[in-house]
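Chemist: Supplied structure: work-v4.pdb, PDB, C-alpha atoms and all ligand atoms.
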MODEL        1
ATOM      1  CA  MET A   1      41.487 100.613 141.441
ATOM      2  CA  ARG A   2      40.879 100.296 137.676
ATOM      3  CA  ILE A   3      37.621  98.366 137.313
ATOM      4  CA  ALA A   4      35.635  97.452 134.190
ATOM      5  CA  VAL A   5      31.913  96.863 134.790
ATOM      6  CA  ILE A   6      30.173  94.802 132.105
ATOM      7  CA  GLY A   7      26.421  95.431 131.828
ATOM      8  CA  ALA A   8      26.947  98.799 133.490
ATOM      9  CA  ASP A   9      23.423 100.054 132.714
ATOM     10  CA  GLY A  10      21.643  96.960 134.111
ATOM     11  CA  GLN A  11      20.057  96.772 137.573
ATOM     12  CA  LEU A  12      23.163  95.627 139.403
ATOM     13  CA  GLY A  13      25.593  97.338 137.010
ATOM     14  CA  THR A  14      24.038 100.744 137.689
ATOM     15  CA  ASP A  15      24.464 100.346 141.459
ATOM     16  CA  LEU A  16      28.011  99.024 141.008
ATOM     17  CA  VAL A  17      29.010 102.095 138.994
ATOM     18  CA  LYS A  18      27.495 104.347 141.709
ATOM     19  CA  THR A  19      29.165 102.436 144.542
ATOM     20  CA  LEU A  20      32.572 102.392 142.856
ATOM     21  CA  ALA A  21      32.559 106.164 142.292
ATOM     22  CA  GLN A  22      35.923 106.529 144.077
ATOM     23  CA  ASP A  23      37.549 104.042 141.677
ATOM     24  CA  GLU A  24      38.568 104.428 138.070
ATOM     25  CA  VAL A  25      35.553 102.746 136.489
ATOM     26  CA  PHE A  26      35.013 101.791 132.850
ATOM     27  CA  ALA A  27      31.294 101.347 132.251
ATOM     28  CA  LEU A  28      30.751  98.822 129.449
ATOM     29  CA  CYS A  29      27.250  98.617 127.982
ATOM     30  CA  TYR A  30      25.518  96.359 125.486
ATOM     31  CA  PRO A  31      25.445  96.392 122.463
ATOM     32  CA  GLU A  32      28.665  98.455 122.086
ATOM     33  CA  PHE A  33      30.360  95.951 124.389
ATOM     34  CA  ASP A  34      29.014  92.464 123.754
ATOM     35  CA  VAL A  35      30.467  89.551 125.745
ATOM     36  CA  THR A  36      29.670  87.174 122.884
ATOM     37  CA  ARG A  37      32.175  89.005 120.642
ATOM     38  CA  ALA A  38      35.396  87.562 122.053
ATOM     39  CA  ASP A  39      37.881  89.377 119.808
ATOM     40  CA  ARG A  40      36.423  92.802 120.488
ATOM     41  CA  MET A  41      36.191  91.991 124.207
ATOM     42  CA  ARG A  42      39.916  91.185 124.189
ATOM     43  CA  SER A  43      40.926  94.367 122.361
ATOM     44  CA  VAL A  44      38.796  96.626 124.611
ATOM     45  CA  LEU A  45      40.038  95.046 127.851
ATOM     46  CA  GLN A  46      43.627  94.920 126.616
ATOM     47  CA  GLU A  47      43.531  98.669 126.089
ATOM     48  CA  MET A  48      41.831  99.399 129.448
ATOM     49  CA  ARG A  49      44.174  97.228 131.515
ATOM     50  CA  PRO A  50      41.699  96.857 134.430
ATOM     51  CA  ALA A  51      42.782  95.326 137.741
ATOM     52  CA  ALA A  52      39.304  93.801 138.012
ATOM     53  CA  VAL A  53      36.475  93.029 135.592
ATOM     54  CA  ILE A  54      32.963  92.707 137.031
ATOM     55  CA  ASN A  55      30.615  90.789 134.762
ATOM     56  CA  THR A  56      26.878  91.351 135.318
ATOM     57  CA  ALA A  57      25.845  90.408 131.751
ATOM     58  CA  ALA A  58      23.412  87.526 131.519
ATOM     59  CA  PHE A  59      20.630  86.064 129.414
ATOM     60  CA  HIS A  60      18.308  85.555 132.338
ATOM     61  CA  ARG A  61      14.694  85.585 131.239
ATOM     62  CA  VAL A  62      14.309  82.134 132.723
ATOM     63  CA  ASP A  63      11.347  80.928 130.645
ATOM     64  CA  ASP A  64      12.843  82.274 127.393
ATOM     65  CA  CYS A  65      15.989  80.236 128.112
ATOM     66  CA  GLU A  66      13.882  77.053 127.770
ATOM     67  CA  ASP A  67      12.970  78.047 124.185
ATOM     68  CA  ASP A  68      16.380  79.465 123.328
ATOM     69  CA  PRO A  69      19.049  77.531 125.219
ATOM     70  CA  GLU A  70      21.620  78.479 122.528
ATOM     71  CA  SER A  71      21.417  82.147 123.533
ATOM     72  CA  ALA A  72      21.511  81.210 127.207
ATOM     73  CA  PHE A  73      24.702  79.185 126.724
ATOM     74  CA  ARG A  74      26.256  81.804 124.432
ATOM     75  CA  VAL A  75      25.987  84.546 127.091
ATOM     76  CA  ASN A  76      25.977  82.607 130.371
ATOM     77  CA  SER A  77      28.593  79.931 129.568
ATOM     78  CA  ILE A  78      30.699  80.431 126.408
ATOM     79  CA  ALA A  79      31.189  84.186 126.890
ATOM     80  CA  VAL A  80      32.133  83.506 130.512
ATOM     81  CA  ARG A  81      34.723  80.991 129.341
ATOM     82  CA  ASP A  82      36.152  83.635 126.974
ATOM     83  CA  LEU A  83      36.260  86.165 129.805
ATOM     84  CA  ALA A  84      37.865  83.618 132.137
ATOM     85  CA  ARG A  85      40.592  82.930 129.564
ATOM     86  CA  LEU A  86      41.179  86.673 129.230
ATOM     87  CA  ALA A  87      41.523  86.986 133.008
ATOM     88  CA  GLY A  88      44.527  84.657 132.817
ATOM     89  CA  GLU A  89      45.964  86.307 129.725
ATOM     90  CA  LEU A  90      45.553  89.935 130.855
ATOM     91  CA  GLY A  91      45.968  89.324 134.596
ATOM     92  CA  PHE A  92      42.756  90.830 135.989
ATOM     93  CA  VAL A  93      40.632  89.590 138.896
ATOM     94  CA  LEU A  94      37.317  88.280 137.546
ATOM     95  CA  VAL A  95      34.109  89.009 139.437
ATOM     96  CA  HIS A  96      31.148  87.071 138.091
ATOM     97  CA  TYR A  97      27.546  86.634 139.265
ATOM     98  CA  SER A  98      25.585  83.418 139.362
ATOM     99  CA  THR A  99      22.243  82.332 140.693
ATOM    100  CA  ASP A 100      20.343  80.585 143.491
ATOM    101  CA  TYR A 101      18.736  78.491 140.725
ATOM    102  CA  VAL A 102      21.823  76.251 140.532
ATOM    103  CA  PHE A 103      20.163  74.348 143.415
ATOM    104  CA  ASP A 104      17.191  71.980 143.152
ATOM    105  CA  GLY A 105      15.473  73.151 146.353
ATOM    106  CA  ARG A 106      15.257  69.746 148.020
ATOM    107  CA  LYS A 107      17.389  70.795 150.984
ATOM    108  CA  LYS A 108      14.603  72.996 152.457
ATOM    109  CA  ALA A 109      17.187  74.909 154.489
ATOM    110  CA  PRO A 110      19.468  77.771 153.406
ATOM    111  CA  TYR A 111      22.102  76.619 150.922
ATOM    112  CA  ILE A 112      25.776  77.166 151.736
ATOM    113  CA  GLU A 113      28.598  77.441 149.208
ATOM    114  CA  SER A 114      29.710  73.816 149.624
ATOM    115  CA  ASP A 115      26.264  72.326 148.911
ATOM    116  CA  PRO A 116      26.191  70.391 145.626
ATOM    117  CA  PRO A 117      24.297  72.169 142.828
ATOM    118  CA  ASN A 118      21.654  70.368 140.785
ATOM    119  CA  PRO A 119      20.019  72.807 138.341
ATOM    120  CA  LEU A 120      16.465  72.206 137.092
ATOM    121  CA  ASN A 121      16.247  74.409 133.973
ATOM    122  CA  ALA A 122      18.237  75.625 130.951
ATOM    123  CA  TYR A 123      19.035  79.015 132.475
ATOM    124  CA  ALA A 124      20.421  77.416 135.635
ATOM    125  CA  VAL A 125      22.431  74.805 133.717
ATOM    126  CA  SER A 126      23.964  77.544 131.549
ATOM    127  CA  LYS A 127      24.846  79.630 134.627
ATOM    128  CA  LEU A 128      26.385  76.606 136.354
ATOM    129  CA  ALA A 129      28.478  75.908 133.238
ATOM    130  CA  GLY A 130      29.677  79.526 133.472
ATOM    131  CA  GLU A 131      30.601  78.938 137.123
ATOM    132  CA  PHE A 132      32.636  75.864 136.215
ATOM    133  CA  PHE A 133      34.574  77.780 133.551
ATOM    134  CA  VAL A 134      35.460  80.490 136.075
ATOM    135  CA  ARG A 135      36.563  77.950 138.674
ATOM    136  CA  ALA A 136      38.548  75.901 136.171
ATOM    137  CA  LEU A 137      40.289  78.716 134.316
ATOM    138  CA  VAL A 138      40.796  81.655 136.683
ATOM    139  CA  GLU A 139      43.215  81.852 139.582
ATOM    140  CA  ARG A 140      41.910  85.051 141.201
ATOM    141  CA  TYR A 141      38.118  85.197 141.010
ATOM    142  CA  PHE A 142      35.061  86.135 143.037
ATOM    143  CA  LEU A 143      32.084  84.047 142.004
ATOM    144  CA  ILE A 144      28.956  85.441 143.613
ATOM    145  CA  ARG A 145      25.615  83.639 143.737
ATOM    146  CA  THR A 146      22.664  85.876 144.461
ATOM    147  CA  CYS A 147      18.854  85.810 144.330
ATOM    148  CA  GLY A 148      15.750  87.866 143.433
ATOM    149  CA  LEU A 149      17.414  91.201 142.619
ATOM    150  CA  PHE A 150      15.645  94.537 142.877
ATOM    151  CA  GLY A 151      17.366  97.801 142.072
ATOM    152  CA  GLU A 152      16.533 101.324 141.034
ATOM    153  CA  ALA A 153      17.602 100.856 137.414
ATOM    154  CA  SER A 154      14.697  98.500 136.751
ATOM    155  CA  SER A 155      12.672 100.120 133.978
ATOM    156  CA  PRO A 156       9.970  99.128 131.498
ATOM    157  CA  GLY A 157      12.562  99.243 128.681
ATOM    158  CA  LYS A 158      14.762  96.683 130.418
ATOM    159  CA  GLY A 159      12.006  94.442 131.751
ATOM    160  CA  TYR A 160      10.693  95.021 135.243
ATOM    161  CA  ASN A 161      12.096  93.539 138.405
ATOM    162  CA  PHE A 162       9.540  91.667 140.529
ATOM    163  CA  VAL A 163       8.570  94.663 142.702
ATOM    164  CA  ASP A 164       7.980  96.987 139.764
ATOM    165  CA  ARG A 165       6.125  94.306 137.812
ATOM    166  CA  MET A 166       3.735  93.780 140.753
ATOM    167  CA  ILE A 167       3.159  97.532 141.069
ATOM    168  CA  ALA A 168       2.502  97.880 137.332
ATOM    169  CA  LEU A 169       0.070  94.948 137.271
ATOM    170  CA  ALA A 170      -1.780  96.283 140.315
ATOM    171  CA  GLY A 171      -2.017  99.657 138.574
ATOM    172  CA  ALA A 172      -3.791  97.914 135.700
ATOM    173  CA  GLY A 173      -6.439  96.741 138.202
ATOM    174  CA  LYS A 174      -5.687  93.047 137.670
ATOM    175  CA  THR A 175      -5.946  90.253 140.224
ATOM    176  CA  LEU A 176      -2.368  89.302 140.951
ATOM    177  CA  ARG A 177      -1.751  85.555 141.010
ATOM    178  CA  VAL A 178       1.592  85.018 142.701
ATOM    179  CA  VAL A 179       3.379  81.767 143.524
ATOM    180  CA  ASP A 180       3.350  80.945 147.215
ATOM    181  CA  ASP A 181       5.397  77.729 147.237
ATOM    182  CA  GLN A 182       8.806  79.032 146.068
ATOM    183  CA  TRP A 183      11.035  80.384 148.842
ATOM    184  CA  VAL A 184      13.714  82.985 148.026
ATOM    185  CA  SER A 185      15.835  85.747 149.586
ATOM    186  CA  PRO A 186      15.002  88.936 147.653
ATOM    187  CA  THR A 187      18.159  91.043 147.410
ATOM    188  CA  SER A 188      18.809  94.754 147.016
ATOM    189  CA  THR A 189      21.311  95.537 144.256
ATOM    190  CA  ALA A 190      22.426  98.627 146.214
ATOM    191  CA  GLU A 191      23.564  96.408 149.090
ATOM    192  CA  LEU A 192      24.960  93.730 146.773
ATOM    193  CA  ALA A 193      27.056  96.387 145.010
ATOM    194  CA  GLU A 194      28.413  97.626 148.366
ATOM    195  CA  ARG A 195      29.344  94.127 149.513
ATOM    196  CA  THR A 196      30.933  93.374 146.135
ATOM    197  CA  SER A 197      33.011  96.549 146.434
ATOM    198  CA  ALA A 198      34.228  95.500 149.897
ATOM    199  CA  LEU A 199      34.908  91.922 148.813
ATOM    200  CA  ILE A 200      37.080  92.788 145.797
ATOM    201  CA  ARG A 201      39.414  94.794 148.026
ATOM    202  CA  THR A 202      40.346  91.565 149.812
ATOM    203  CA  ASP A 203      42.356  88.611 148.559
ATOM    204  CA  LYS A 204      39.775  86.124 149.835
ATOM    205  CA  TYR A 205      39.014  84.740 146.390
ATOM    206  CA  GLY A 206      36.441  82.072 145.658
ATOM    207  CA  LEU A 207      32.737  81.302 145.706
ATOM    208  CA  TYR A 208      30.315  83.395 147.793
ATOM    209  CA  HIS A 209      26.596  83.516 148.471
ATOM    210  CA  LEU A 210      25.520  87.163 148.809
ATOM    211  CA  THR A 211      21.837  87.871 149.458
ATOM    212  CA  SER A 212      19.684  89.908 151.796
ATOM    213  CA  GLU A 213      18.923  88.262 155.129
ATOM    214  CA  GLY A 214      15.678  86.366 155.710
ATOM    215  CA  GLN A 215      13.380  84.536 153.335
ATOM    216  CA  CYS A 216       9.880  84.655 151.889
ATOM    217  CA  THR A 217       7.744  83.266 149.084
ATOM    218  CA  TRP A 218       7.119  85.408 145.998
ATOM    219  CA  PHE A 219       3.550  85.869 147.281
ATOM    220  CA  GLN A 220       4.821  87.145 150.634
ATOM    221  CA  PHE A 221       7.227  89.439 148.775
ATOM    222  CA  ALA A 222       4.280  90.940 146.853
ATOM    223  CA  GLN A 223       2.172  91.170 150.028
ATOM    224  CA  ARG A 224       4.932  93.059 151.870
ATOM    225  CA  THR A 225       5.458  95.393 148.923
ATOM    226  CA  PHE A 226       1.800  96.424 148.972
ATOM    227  CA  SER A 227       1.596  96.693 152.759
ATOM    228  CA  LEU A 228       4.591  99.075 152.687
ATOM    229  CA  LEU A 229       2.890 101.036 149.897
ATOM    230  CA  GLY A 230      -0.377 101.130 151.896
ATOM    231  CA  ARG A 231      -2.237  99.574 148.990
ATOM    232  CA  SER A 232      -4.468  96.508 148.825
ATOM    233  CA  PRO A 233      -4.836  95.102 145.309
ATOM    234  CA  ARG A 234      -6.451  91.694 144.807
ATOM    235  CA  LEU A 235      -3.681  89.179 145.529
ATOM    236  CA  GLU A 236      -4.168  85.458 145.028
ATOM    237  CA  PRO A 237      -1.613  82.884 146.217
ATOM    238  CA  VAL A 238      -1.090  80.052 143.719
ATOM    239  CA  ASP A 239       1.233  77.073 143.609
ATOM    240  CA  SER A 240       3.874  76.485 140.944
ATOM    241  CA  LYS A 241       1.805  73.781 139.240
ATOM    242  CA  THR A 242      -1.164  76.145 138.799
ATOM    243  CA  PHE A 243       1.141  78.886 137.514
ATOM    244  CA  ALA A 244       2.619  76.457 134.950
ATOM    245  CA  ALA A 245       5.698  78.453 133.951
ATOM    246  CA  LYS A 246       7.790  76.974 131.137
ATOM    247  CA  ALA A 247      10.910  76.517 133.246
ATOM    248  CA  ARG A 248      10.888  74.334 136.345
ATOM    249  CA  ARG A 249      12.104  76.300 139.351
ATOM    250  CA  PRO A 250      13.386  75.145 142.748
ATOM    251  CA  LEU A 251      10.761  75.363 145.501
ATOM    252  CA  TYR A 252      13.436  76.510 147.929
ATOM    253  CA  SER A 253      16.511  78.501 146.848
ATOM    254  CA  VAL A 254      17.350  80.562 149.906
ATOM    255  CA  LEU A 255      21.100  81.136 150.209
ATOM    256  CA  GLU A 256      23.117  81.534 153.379
ATOM    257  CA  ASN A 257      25.986  84.064 153.261
ATOM    258  CA  LYS A 258      28.241  81.643 155.104
ATOM    259  CA  ARG A 259      31.629  82.542 153.642
ATOM    260  CA  ALA A 260      30.887  86.287 153.687
ATOM    261  CA  LYS A 261      30.202  86.027 157.426
ATOM    262  CA  GLU A 262      33.367  83.987 157.973
ATOM    263  CA  ILE A 263      35.536  86.692 156.401
ATOM    264  CA  GLY A 264      33.731  89.477 158.313
ATOM    265  CA  LEU A 265      31.876  91.130 155.425
ATOM    266  CA  ARG A 266      29.171  93.460 156.758
ATOM    267  CA  ASP A 267      25.797  91.699 157.135
ATOM    268  CA  PHE A 268      23.038  92.443 154.654
ATOM    269  CA  SER A 269      19.770  93.980 155.894
ATOM    270  CA  LEU A 270      16.646  91.871 156.194
ATOM    271  CA  TRP A 271      14.989  91.687 152.763
ATOM    272  CA  ASP A 272      11.903  93.658 153.836
ATOM    273  CA  GLU A 273      14.000  96.448 155.355
ATOM    274  CA  ALA A 274      15.944  96.642 152.052
ATOM    275  CA  LEU A 275      12.598  96.686 150.236
ATOM    276  CA  ARG A 276      11.435  99.643 152.353
ATOM    277  CA  VAL A 277      14.642 101.545 151.511
ATOM    278  CA  TYR A 278      14.138 100.723 147.812
ATOM    279  CA  LEU A 279      10.559 102.061 147.823
ATOM    280  CA  GLU A 280      11.745 105.208 149.622
ATOM    281  CA  LYS A 281      14.516 105.814 147.074
ATOM    282  CA  ARG A 282      11.971 105.404 144.286
ATOM    283  CA  ALA A 283       9.831 108.025 146.132
ATOM    284  CA  LEU A 284       6.956 105.525 146.275
ATOM    285  CA  ILE A 285       6.725 105.940 150.063
ATOM    286  CA  PRO A 286       7.846 108.888 152.205
ATOM    287  CA  ARG A 287      11.268 108.788 153.875
TER     288      ARG A 287
HETATM  289  N1  LIG B   1      17.754  89.597 138.383
HETATM  290  C1  LIG B   1      17.731  88.623 139.293
HETATM  291  O1  LIG B   1      16.734  88.458 140.006
HETATM  292  C2  LIG B   1      18.922  87.718 139.475
HETATM  293  C3  LIG B   1      18.853  86.642 140.389
HETATM  294  C4  LIG B   1      19.980  85.826 140.565
HETATM  295  C5  LIG B   1      21.139  86.078 139.841
HETATM  296  N2  LIG B   1      21.160  87.125 138.951
HETATM  297  C6  LIG B   1      22.391  87.369 138.195
HETATM  298  O2  LIG B   1      22.846  88.674 138.538
HETATM  299  C7  LIG B   1      23.468  89.280 137.417
HETATM  300  C8  LIG B   1      22.918  90.691 137.205
HETATM  301  O3  LIG B   1      21.511  90.662 137.010
HETATM  302  P1  LIG B   1      20.666  92.001 136.729
HETATM  303  O4  LIG B   1      19.308  91.793 137.305
HETATM  304  O5  LIG B   1      21.452  93.210 137.089
HETATM  305  O6  LIG B   1      20.542  91.910 135.148
HETATM  306  P2  LIG B   1      20.165  93.079 134.097
HETATM  307  O7  LIG B   1      19.486  94.211 134.769
HETATM  308  O8  LIG B   1      19.477  92.430 132.942
HETATM  309  O9  LIG B   1      21.605  93.563 133.647
HETATM  310  C9  LIG B   1      22.405  92.801 132.783
HETATM  311  C10 LIG B   1      23.151  93.752 131.880
HETATM  312  O10 LIG B   1      23.930  92.988 130.952
HETATM  313  C11 LIG B   1      23.673  93.485 129.635
HETATM  314  N3  LIG B   1      23.871  92.430 128.654
HETATM  315  C12 LIG B   1      22.974  91.516 128.187
HETATM  316  N4  LIG B   1      23.545  90.743 127.233
HETATM  317  C13 LIG B   1      24.809  91.192 127.091
HETATM  318  C14 LIG B   1      25.881  90.829 126.248
HETATM  319  N5  LIG B   1      25.777  89.846 125.337
HETATM  320  N6  LIG B   1      27.057  91.501 126.364
HETATM  321  C15 LIG B   1      27.200  92.505 127.255
HETATM  322  N7  LIG B   1      26.203  92.923 128.065
HETATM  323  C16 LIG B   1      25.020  92.261 127.984
HETATM  324  C17 LIG B   1      22.245  93.974 129.677
HETATM  325  O11 LIG B   1      22.025  94.881 128.612
HETATM  326  P3  LIG B   1      20.532  95.037 127.985
HETATM  327  O12 LIG B   1      19.642  95.421 129.125
HETATM  328  O13 LIG B   1      20.692  96.093 126.951
HETATM  329  O14 LIG B   1      20.175  93.684 127.442
HETATM  330  C18 LIG B   1      22.216  94.644 131.048
HETATM  331  O15 LIG B   1      22.759  95.943 130.991
HETATM  332  C19 LIG B   1      23.287  88.296 136.260
HETATM  333  O16 LIG B   1      24.446  87.515 136.143
HETATM  334  C20 LIG B   1      22.148  87.398 136.696
HETATM  335  O17 LIG B   1      22.242  86.104 136.135
HETATM  336  C21 LIG B   1      20.096  87.939 138.759
ENDMDL
END
Starting from the coordinates I provided, produce the structure as structure tokens.
Modeler:
Amino acid sequence: MRIAVIGADGQLGTDLVKTLAQDEVFALCYPEFDVTRADRMRSVLQEMRPAAVINTAAFHRVDDCEDDPESAFRVNSIAVRDLARLAGELGFVLVHYSTDYVFDGRKKAPYIESDPPNPLNAYAVSKLAGEFFVRALVERYFLIRTCGLFGEASSPGKGYNFVDRMIALAGAGKTLRVVDDQWVSPTSTAELAERTSALIRTDKYGLYHLTSEGQCTWFQFAQRTFSLLGRSPRLEPVDSKTFAAKARRPLYSVLENKRAKEIGLRDFSLWDEALRVYLEKRALIPR
């Protein structure tokens, strides 16, 4: 299958390129390939003639989106509209990722695909606008909401994922204050890439929730990381109000992979089993 991966050197993009090794993959990286440059995007994709385009590009530093909503909308909404239009024009299947943050967290039980979104911050609103463009403009699409990604490509240059940020802060000998009232399903990009690869070989188009199984708070995620590493830095649970981040976040954004289960996609591992595998691959714990 001819597949273009946008954001191919990001966390998820890197694992997608690895997973799709048997396919004919075009790895598109920023800034050479910039989703906000619609004309260039058209000419590159026109020449490649991919059967599918997988878009992992996002402006997703959630607090920065509050200060710079223009950039958030440019990348997460307008560029997605341009890509959605191109899907119709050039006839490719569009695979696009969205976020657990489209929900407000009031449900307090895992969200399924048919639950109504109600985003609380600029990032989430811009991602939901992107979702609506895909749903309105594309006939054959896979729209995938996911949560709390961790993958091997996380690096200081790109901005750490949560696990690596915790490890780095602990290395600096700091007391780690971590929110203990926001529930999530941390998700391995290696597994998400595998499930995406399986999904795009079907014709079961539409909206999917794809996350690791189980749930935890960010504090519990940090705790488990250090217990697997056999380390005990000073960890302090705090609530969201004490933490006072710029962007308001849902207190509960666990997703249920309802549709994926219905179509028989292989189950994800439990998040802490995926975390163990991640730490092994990074050679931070023995295999
Ligand atoms: N990370 C999470 O915890 C999380 C949670 C829920 C949903 N998601 C969604 O999952 C998707 C993948 O996330 P990720 O963690 O893999 O992100 P990531 O590591 O930041 O990867 C995104 C990639 O897109 C590139 N990019 C940024 N702006 C671009 C532009 N204008 N044009 C083309 N490429 C651009 C980035 O390049 P540079 O690095 O050079 O900027 C990077 O290679 C995103 O849609 C995100 O919203 C992520």
Chemist: Collect all residues with atoms no farther than 9 Å from ligand LIG 1 (chain B), counting only C-alpha atoms and all ligand atoms, and output them as JSON, numbers by chain.
Modeler: {"A": [6, 7, 8, 9, 10, 11, 12, 13, 14, 15, 28, 29, 30, 31, 32, 33, 34, 35, 36, 37, 55, 56, 57, 58, 59, 60, 61, 74, 75, 76, 79, 96, 97, 98, 99, 100, 101, 123, 124, 127, 144, 145, 146, 147, 148, 149, 150, 151, 153, 154, 157, 158, 159, 160, 161, 162, 186, 187, 189]}
Chemist: For Leu94 (chain A), which residue among A:Leu228, A:Ala198, A:Ala52, A:Ala170 is the nearest when counting all atoms listed in the file?
Modeler: A:Ala52
Chemist: Would you work out the distance separating CA of Val53 (chain A) from CA of His209 (chain A), expressed in Å to one decimal?
Modeler: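 One can read the CA of Val53 (chain A) to CA of His209 (chain A) distance as 18.8 Å.
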Chemist: Which residues would end up in the selection if the PyMOL selection byres (((chain A and resi 176) around 8) and not hetatm) were applied here, given that I need the answer as an NGL selection string?
Modeler: :A and (166 or 169-170 or 174-175 or 177-178 or 233-236)
Chemist: When you count all atoms listed in the file, which of these residues is closest to Val125 (chain A): A:Asp164, A:Glu152, A:Glu66, A:Glu262?
Modeler: A:Glu66
Chemist: What is the distance, in Å and to one decimal place, between CA of Phe226 (chain A) and CA of Asp239 (chain A)?
Modeler: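 Distance reported for this atom pair: 20.1 Å.
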Chemist: In Å, with one decimal, what is the gap from CA of Glu139 (chain A) to CA of Lys258 (chain A)?
Modeler: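 Computing it gives 21.6 Å between the two atoms.
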Chemist: Using only C-alpha atoms, which residue out of A:Asp272, A:Asp181, A:Asp23, A:Glu213 lies closest to Gly105 (chain A)?
Modeler: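 Once distances to Gly105 (chain A) are computed over only C-alpha atoms, the minimum belongs to A:Asp181.
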